[in-house]
Structures are given as structure tokens and as C-alpha cells.
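Listing of data35.pdb; format and content: PDB, C-alpha atoms.
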```pdb
ATOM      1  CA  MET A   1      -3.938  23.404  -0.059  1.00  0.00           C
ATOM      2  CA  ALA A   2      -6.900  22.454  -2.266  1.00  0.00           C
ATOM      3  CA  ARG A   3     -10.366  23.353  -0.982  1.00  0.00           C
ATOM      4  CA  LYS A   4     -13.912  22.750  -2.129  1.00  0.00           C
ATOM      5  CA  GLN A   5     -16.541  25.485  -2.211  1.00  0.00           C
ATOM      6  CA  ASN A   6     -17.655  24.725   1.343  1.00  0.00           C
ATOM      7  CA  ASP A   7     -13.995  24.971   2.518  1.00  0.00           C
ATOM      8  CA  ASP A   8     -13.743  21.274   3.367  1.00  0.00           C
ATOM      9  CA  LEU A   9     -10.350  19.857   2.463  1.00  0.00           C
ATOM     10  CA  LEU A  10     -10.326  17.716  -0.636  1.00  0.00           C
ATOM     11  CA  ILE A  11      -9.804  14.058   0.062  1.00  0.00           C
ATOM     12  CA  GLU A  12      -7.046  12.233  -1.790  1.00  0.00           C
ATOM     13  CA  ASP A  13      -9.317  10.729  -4.475  1.00  0.00           C
ATOM     14  CA  GLU A  14     -10.903  14.104  -5.188  1.00  0.00           C
ATOM     15  CA  LEU A  15      -7.509  15.766  -5.468  1.00  0.00           C
ATOM     16  CA  ALA A  16      -6.302  13.056  -7.864  1.00  0.00           C
ATOM     17  CA  ALA A  17      -9.527  13.365  -9.856  1.00  0.00           C
ATOM     18  CA  ALA A  18      -8.924  17.095 -10.263  1.00  0.00           C
ATOM     19  CA  PHE A  19      -5.855  16.291 -12.358  1.00  0.00           C
ATOM     20  CA  LEU A  20      -7.297  13.463 -14.446  1.00  0.00           C
ATOM     21  CA  ASN A  21      -9.442  13.353 -17.565  1.00  0.00           C
ATOM     22  CA  ASP A  22     -12.980  12.047 -17.307  1.00  0.00           C
ATOM     23  CA  ASP A  23     -11.783   8.863 -19.024  1.00  0.00           C
ATOM     24  CA  ASP A  24      -9.515   8.147 -16.059  1.00  0.00           C
ATOM     25  CA  LEU A  25     -12.333   8.374 -13.540  1.00  0.00           C
ATOM     26  CA  GLY A  26     -14.433   5.472 -12.379  1.00  0.00           C
ATOM     27  CA  GLY A  27     -17.573   7.598 -12.020  1.00  0.00           C
ATOM     28  CA  SER A  28     -18.724   9.176  -8.777  1.00  0.00           C
ATOM     29  CA  ASP A  29     -20.022   7.976  -5.443  1.00  0.00           C
ATOM     30  CA  ASP A  30     -23.508   8.632  -3.982  1.00  0.00           C
ATOM     31  CA  ALA A  31     -22.446  12.117  -2.841  1.00  0.00           C
ATOM     32  CA  GLY A  32     -21.241  13.042  -6.333  1.00  0.00           C
ATOM     33  CA  VAL A  33     -17.571  12.803  -5.374  1.00  0.00           C
ATOM     34  CA  PRO A  34     -15.425  11.585  -8.298  1.00  0.00           C
ATOM     35  CA  VAL A  35     -13.950   8.140  -7.782  1.00  0.00           C
ATOM     36  CA  VAL A  36     -10.591   7.338  -9.359  1.00  0.00           C
ATOM     37  CA  ASN A  37     -10.268   4.087 -11.266  1.00  0.00           C
ATOM     38  CA  ASP A  38      -7.151   2.801  -9.434  1.00  0.00           C
ATOM     39  CA  GLU A  39      -6.729  -0.208 -11.748  1.00  0.00           C
ATOM     40  CA  ALA A  40      -6.459   2.008 -14.824  1.00  0.00           C
ATOM     41  CA  MET A  41      -3.945   4.256 -13.085  1.00  0.00           C
ATOM     42  CA  GLU A  42      -1.753   1.343 -12.010  1.00  0.00           C
ATOM     43  CA  ASP A  43      -1.730  -0.083 -15.536  1.00  0.00           C
ATOM     44  CA  ASP A  44      -0.971   3.237 -17.230  1.00  0.00           C
ATOM     45  CA  PHE A  45       1.491   4.789 -14.800  1.00  0.00           C
ATOM     46  CA  PRO A  46       4.283   2.717 -13.279  1.00  0.00           C
ATOM     47  CA  GLY A  47       5.816   4.186 -10.141  1.00  0.00           C
ATOM     48  CA  GLN A  48       8.540   6.700 -10.779  1.00  0.00           C
ATOM     49  CA  LEU A  49      11.901   6.189  -9.140  1.00  0.00           C
ATOM     50  CA  ALA A  50      13.307   9.224  -7.302  1.00  0.00           C
ATOM     51  CA  VAL A  51      16.959   9.906  -8.092  1.00  0.00           C
ATOM     52  CA  ASP A  52      19.830  12.134  -7.010  1.00  0.00           C
ATOM     53  CA  VAL A  53      22.307  13.108  -9.749  1.00  0.00           C
ATOM     54  CA  TYR A  54      25.591  14.859  -9.032  1.00  0.00           C
ATOM     55  CA  GLU A  55      29.070  15.108 -10.450  1.00  0.00           C
ATOM     56  CA  THR A  56      32.573  15.174  -9.110  1.00  0.00           C
ATOM     57  CA  GLU A  57      35.709  16.290 -10.947  1.00  0.00           C
ATOM     58  CA  GLU A  58      36.007  12.924 -12.736  1.00  0.00           C
ATOM     59  CA  ARG A  59      32.597  11.215 -12.435  1.00  0.00           C
ATOM     60  CA  LEU A  60      28.840  11.534 -12.787  1.00  0.00           C
ATOM     61  CA  VAL A  61      26.902   9.725 -10.053  1.00  0.00           C
ATOM     62  CA  VAL A  62      23.224   8.697 -10.047  1.00  0.00           C
ATOM     63  CA  LYS A  63      21.738   7.391  -6.782  1.00  0.00           C
ATOM     64  CA  ALA A  64      18.283   5.938  -6.196  1.00  0.00           C
ATOM     65  CA  ARG A  65      16.590   4.395  -3.168  1.00  0.00           C
ATOM     66  CA  THR A  66      15.603   0.902  -4.178  1.00  0.00           C
ATOM     67  CA  ALA A  67      15.006  -0.694  -0.772  1.00  0.00           C
ATOM     68  CA  GLY A  68      13.198  -3.992  -1.119  1.00  0.00           C
ATOM     69  CA  VAL A  69      14.274  -4.561  -4.722  1.00  0.00           C
ATOM     70  CA  ASN A  70      16.322  -7.642  -5.513  1.00  0.00           C
ATOM     71  CA  LYS A  71      19.250  -6.845  -7.837  1.00  0.00           C
ATOM     72  CA  ASP A  72      17.979  -9.559 -10.191  1.00  0.00           C
ATOM     73  CA  GLU A  73      14.763  -7.522 -10.602  1.00  0.00           C
ATOM     74  CA  LEU A  74      16.593  -4.329 -11.632  1.00  0.00           C
ATOM     75  CA  ASP A  75      17.223  -3.331 -15.231  1.00  0.00           C
ATOM     76  CA  VAL A  76      19.757  -0.550 -15.815  1.00  0.00           C
ATOM     77  CA  SER A  77      20.579   0.549 -19.354  1.00  0.00           C
ATOM     78  CA  ILE A  78      22.120   3.512 -21.162  1.00  0.00           C
ATOM     79  CA  SER A  79      21.985   4.553 -24.787  1.00  0.00           C
ATOM     80  CA  ASP A  80      23.053   7.881 -26.326  1.00  0.00           C
ATOM     81  CA  GLY A  81      23.217   9.628 -22.952  1.00  0.00           C
ATOM     82  CA  ILE A  82      19.780   8.397 -21.825  1.00  0.00           C
ATOM     83  CA  LEU A  83      19.762   6.320 -18.615  1.00  0.00           C
ATOM     84  CA  THR A  84      16.844   4.017 -17.815  1.00  0.00           C
ATOM     85  CA  VAL A  85      16.366   2.238 -14.486  1.00  0.00           C
ATOM     86  CA  SER A  86      13.367  -0.045 -14.041  1.00  0.00           C
ATOM     87  CA  GLY A  87      12.323  -2.930 -11.862  1.00  0.00           C
ATOM     88  CA  THR A  88       9.697  -4.389  -9.579  1.00  0.00           C
ATOM     89  CA  LEU A  89       9.046  -3.883  -5.878  1.00  0.00           C
ATOM     90  CA  SER A  90       7.451  -7.034  -4.483  1.00  0.00           C
ATOM     91  CA  ALA A  91       4.993  -6.451  -1.638  1.00  0.00           C
ATOM     92  CA  GLY A  92       5.330  -9.904  -0.184  1.00  0.00           C
ATOM     93  CA  ASP A  93       2.361 -12.076   0.765  1.00  0.00           C
ATOM     94  CA  GLU A  94      -0.661 -10.087   1.915  1.00  0.00           C
ATOM     95  CA  ALA A  95      -3.152 -12.544   0.398  1.00  0.00           C
ATOM     96  CA  ASP A  96      -4.760 -13.084   3.797  1.00  0.00           C
ATOM     97  CA  ALA A  97      -5.244  -9.331   4.464  1.00  0.00           C
ATOM     98  CA  THR A  98      -8.976  -8.671   4.753  1.00  0.00           C
ATOM     99  CA  ASN A  99      -9.103  -5.021   5.771  1.00  0.00           C
ATOM    100  CA  TRP A 100      -6.436  -2.462   4.924  1.00  0.00           C
ATOM    101  CA  HIS A 101      -6.197   0.504   7.316  1.00  0.00           C
ATOM    102  CA  ILE A 102      -3.318   2.359   5.636  1.00  0.00           C
ATOM    103  CA  GLN A 103      -1.568   1.534   2.363  1.00  0.00           C
ATOM    104  CA  GLU A 104       0.990   4.195   1.472  1.00  0.00           C
ATOM    105  CA  CYS A 105       3.869   2.126   0.121  1.00  0.00           C
ATOM    106  CA  TYR A 106       4.147   1.679  -3.619  1.00  0.00           C
ATOM    107  CA  TRP A 107       4.427  -1.928  -4.773  1.00  0.00           C
ATOM    108  CA  GLY A 108       4.815  -3.010  -8.353  1.00  0.00           C
ATOM    109  CA  GLU A 109       6.715  -1.879 -11.402  1.00  0.00           C
ATOM    110  CA  PHE A 110       8.721   1.331 -11.428  1.00  0.00           C
ATOM    111  CA  SER A 111      10.772   3.090 -14.057  1.00  0.00           C
ATOM    112  CA  ARG A 112      12.833   6.226 -14.516  1.00  0.00           C
ATOM    113  CA  THR A 113      14.409   7.545 -17.695  1.00  0.00           C
ATOM    114  CA  LEU A 114      16.591  10.614 -17.682  1.00  0.00           C
ATOM    115  CA  ALA A 115      18.987  12.406 -19.973  1.00  0.00           C
ATOM    116  CA  LEU A 116      22.397  12.618 -18.365  1.00  0.00           C
ATOM    117  CA  PRO A 117      23.487  16.251 -17.890  1.00  0.00           C
ATOM    118  CA  VAL A 118      27.090  15.716 -19.052  1.00  0.00           C
ATOM    119  CA  ALA A 119      28.837  13.491 -21.587  1.00  0.00           C
ATOM    120  CA  VAL A 120      29.948  10.168 -20.077  1.00  0.00           C
ATOM    121  CA  LYS A 121      31.924   7.152 -21.214  1.00  0.00           C
ATOM    122  CA  GLU A 122      29.038   4.720 -21.574  1.00  0.00           C
ATOM    123  CA  ASP A 123      31.350   1.704 -21.623  1.00  0.00           C
ATOM    124  CA  GLU A 124      32.939   2.725 -18.297  1.00  0.00           C
ATOM    125  CA  VAL A 125      30.047   2.433 -15.857  1.00  0.00           C
ATOM    126  CA  GLU A 126      29.579   0.741 -12.495  1.00  0.00           C
ATOM    127  CA  ALA A 127      26.216  -0.073 -10.876  1.00  0.00           C
ATOM    128  CA  VAL A 128      26.196  -1.177  -7.227  1.00  0.00           C
ATOM    129  CA  LEU A 129      23.186  -2.064  -5.067  1.00  0.00           C
ATOM    130  CA  LYS A 130      24.066  -1.765  -1.381  1.00  0.00           C
ATOM    131  CA  ASP A 131      21.818  -1.259   1.651  1.00  0.00           C
ATOM    132  CA  GLY A 132      18.817  -0.417  -0.515  1.00  0.00           C
ATOM    133  CA  VAL A 133      20.610   2.270  -2.545  1.00  0.00           C
ATOM    134  CA  LEU A 134      21.455   1.817  -6.222  1.00  0.00           C
ATOM    135  CA  THR A 135      24.548   3.836  -7.153  1.00  0.00           C
ATOM    136  CA  ILE A 136      25.461   4.175 -10.827  1.00  0.00           C
ATOM    137  CA  THR A 137      28.831   5.805 -11.501  1.00  0.00           C
ATOM    138  CA  PHE A 138      30.021   6.989 -14.904  1.00  0.00           C
ATOM    139  CA  ASN A 139      33.418   8.341 -15.934  1.00  0.00           C
ATOM    140  CA  LYS A 140      32.934  11.734 -17.556  1.00  0.00           C
ATOM    141  CA  VAL A 141      34.232  12.549 -21.028  1.00  0.00           C
ATOM    142  CA  LYS A 142      36.954  15.161 -20.765  1.00  0.00           C
ATOM    143  CA  GLN A 143      35.902  18.301 -22.558  1.00  0.00           C
ATOM    144  CA  GLU A 144      38.694  20.111 -24.335  1.00  0.00           C
ATOM    145  CA  GLN A 145      39.184  23.760 -23.548  1.00  0.00           C
ATOM    146  CA  ALA A 146      37.840  26.096 -26.187  1.00  0.00           C
ATOM    147  CA  LYS A 147      40.547  27.199 -28.598  1.00  0.00           C
ATOM    148  CA  LYS A 148      40.988  30.861 -29.305  1.00  0.00           C
ATOM    149  CA  ILE A 149      40.512  31.653 -32.979  1.00  0.00           C
ATOM    150  CA  GLN A 150      42.157  34.771 -34.300  1.00  0.00           C
ATOM    151  CA  VAL A 151      39.880  36.884 -36.429  1.00  0.00           C
ATOM    152  CA  LEU A 152      41.581  38.307 -39.529  1.00  0.00           C
TER     153      LEU A 152
END
```
For this file, produce the structure as C-alpha cells.
Amino acid sequence: MARKQNDDLLIEDELAAAFLNDDDLGGSDDAGVPVVNDEAMEDDFPGQLAVDVYETEERLVVKARTAGVNKDELDVSISDGILTVSGTLSAGDEADATNWHIQECYWGEFSRTLALPVAVKEDEVEAVLKDGVLTITFNKVKQEQAKKIQVL
């Protein structure tokens, strides 16, 4: 756990500031505590989608929790073994909120790009959004067994 010199726990903004460049900071408060420029962070870093990737005998499966995302707001693409999933999580209408007490949920754009760990048939893919879980299933390319070569 991160601690300051006087052994007080670092607050969230201080912890985030410890990993940012000075350009990312919005200055410091009256006590000298760095203040993170949240607007700059939101613009530069879309939320990252957490995924599970596993394979069966015949298929490669990628699953991601996308609760609250409309399927029309999802973009799933693959090219040369690189899968990209992106979209937008709409927060709803909080325009009349005057005082937030806790705001832990991420709202806004998200994206995830990953290299698939095995060769797949990119034209044989199925993407299903059900109960807030996006499941993308690929048929794997059959790998031929290595052939024994006789050395002369």
C-alpha cells in the first residue's frame, strides 16, 4: 500500500499523480497535494474493457462484460489476428445531480485491442451480446502435425 512520509495513506488523486507526468497534473491544492486533471485523462485514455480469452478443442472464445451497452453501440472488428472491441457506456440522465457522494462506475468510451493467441478463421466468427456479456467465438485454424524430416 502506498504511504507518504508521515505514514498517512495516499488518497486516490495522489496515487494517480504518482504515476503521471507533470503535464498530466492540474497543479496542486493549498496543502501542496497534486491534483489530477480529470478532463485530460478522460480525453487521452478511454476505459479499457476487461476480457477473458480461452480455447476449446475447436474454438477460441473471447468474453467481455458489457452490461449497459446497447449492441448498436458496440464495434467489433478483426484484422490479421488483432481483435478490437470498442463502444460507449451511457450513464443515463444525471443532469440534475448537484452533489456526487460516490462515483465509481466508468461511463463513456471504452476500447480493447488484443492479439489473438492462436490462428483463427477470421471469416467464421460469431459475436453475441446476451445478459450484459459479449461473447465472440472463432473457429480455430487446424495446425498440421510437424513432419519428420530424415537427415542424410
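With atom CA of Ala95 of chain A on one side and atom CA of Val69 of chain A on the other, the separation reads 19.8 Å.
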Point to revise | Distance query Thr88 of chain A at most 8 Å, only C-alpha atoms, self and fewer than 3 positions along chain excluded, as an MDAnalysis selection string | key: chainID A and resid 69 73:74 107:110
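Here atom CA of Ala67 of chain A and atom CA of Val125 of chain A stand 21.5 Å from one another.
A distance cut-off of 12 Å around (36.0, 16.3, -22.4), counting only C-alpha atoms, selects these protein and nucleic acid residues: Glu57, Glu58, Arg59, Val118, Ala119, Val120, Lys121, Asn139, Lys140, Val141, Lys142, Gln143, Glu144, Gln145 and Ala146 of chain A.
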**Study point:** Using all atoms listed in the file: which of A:Leu152, A:Ala64, A:Leu134, A:Val76 has the shortest distance to Gln48 of chain A
**Key:** A:Ala64
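Counting from atom CA of Thr56 of chain A, the distance to atom CA of Ile136 of chain A is 13.2 Å.
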Exercise for review: Specify as a PyMOL selection string each residue included when the PyMOL selection byres ((chain A and resi 116) around 12) is applied to this file.
Suggested key: chain A and resi 51-55+59-62+78-84+113-115+117-122+136-138+140
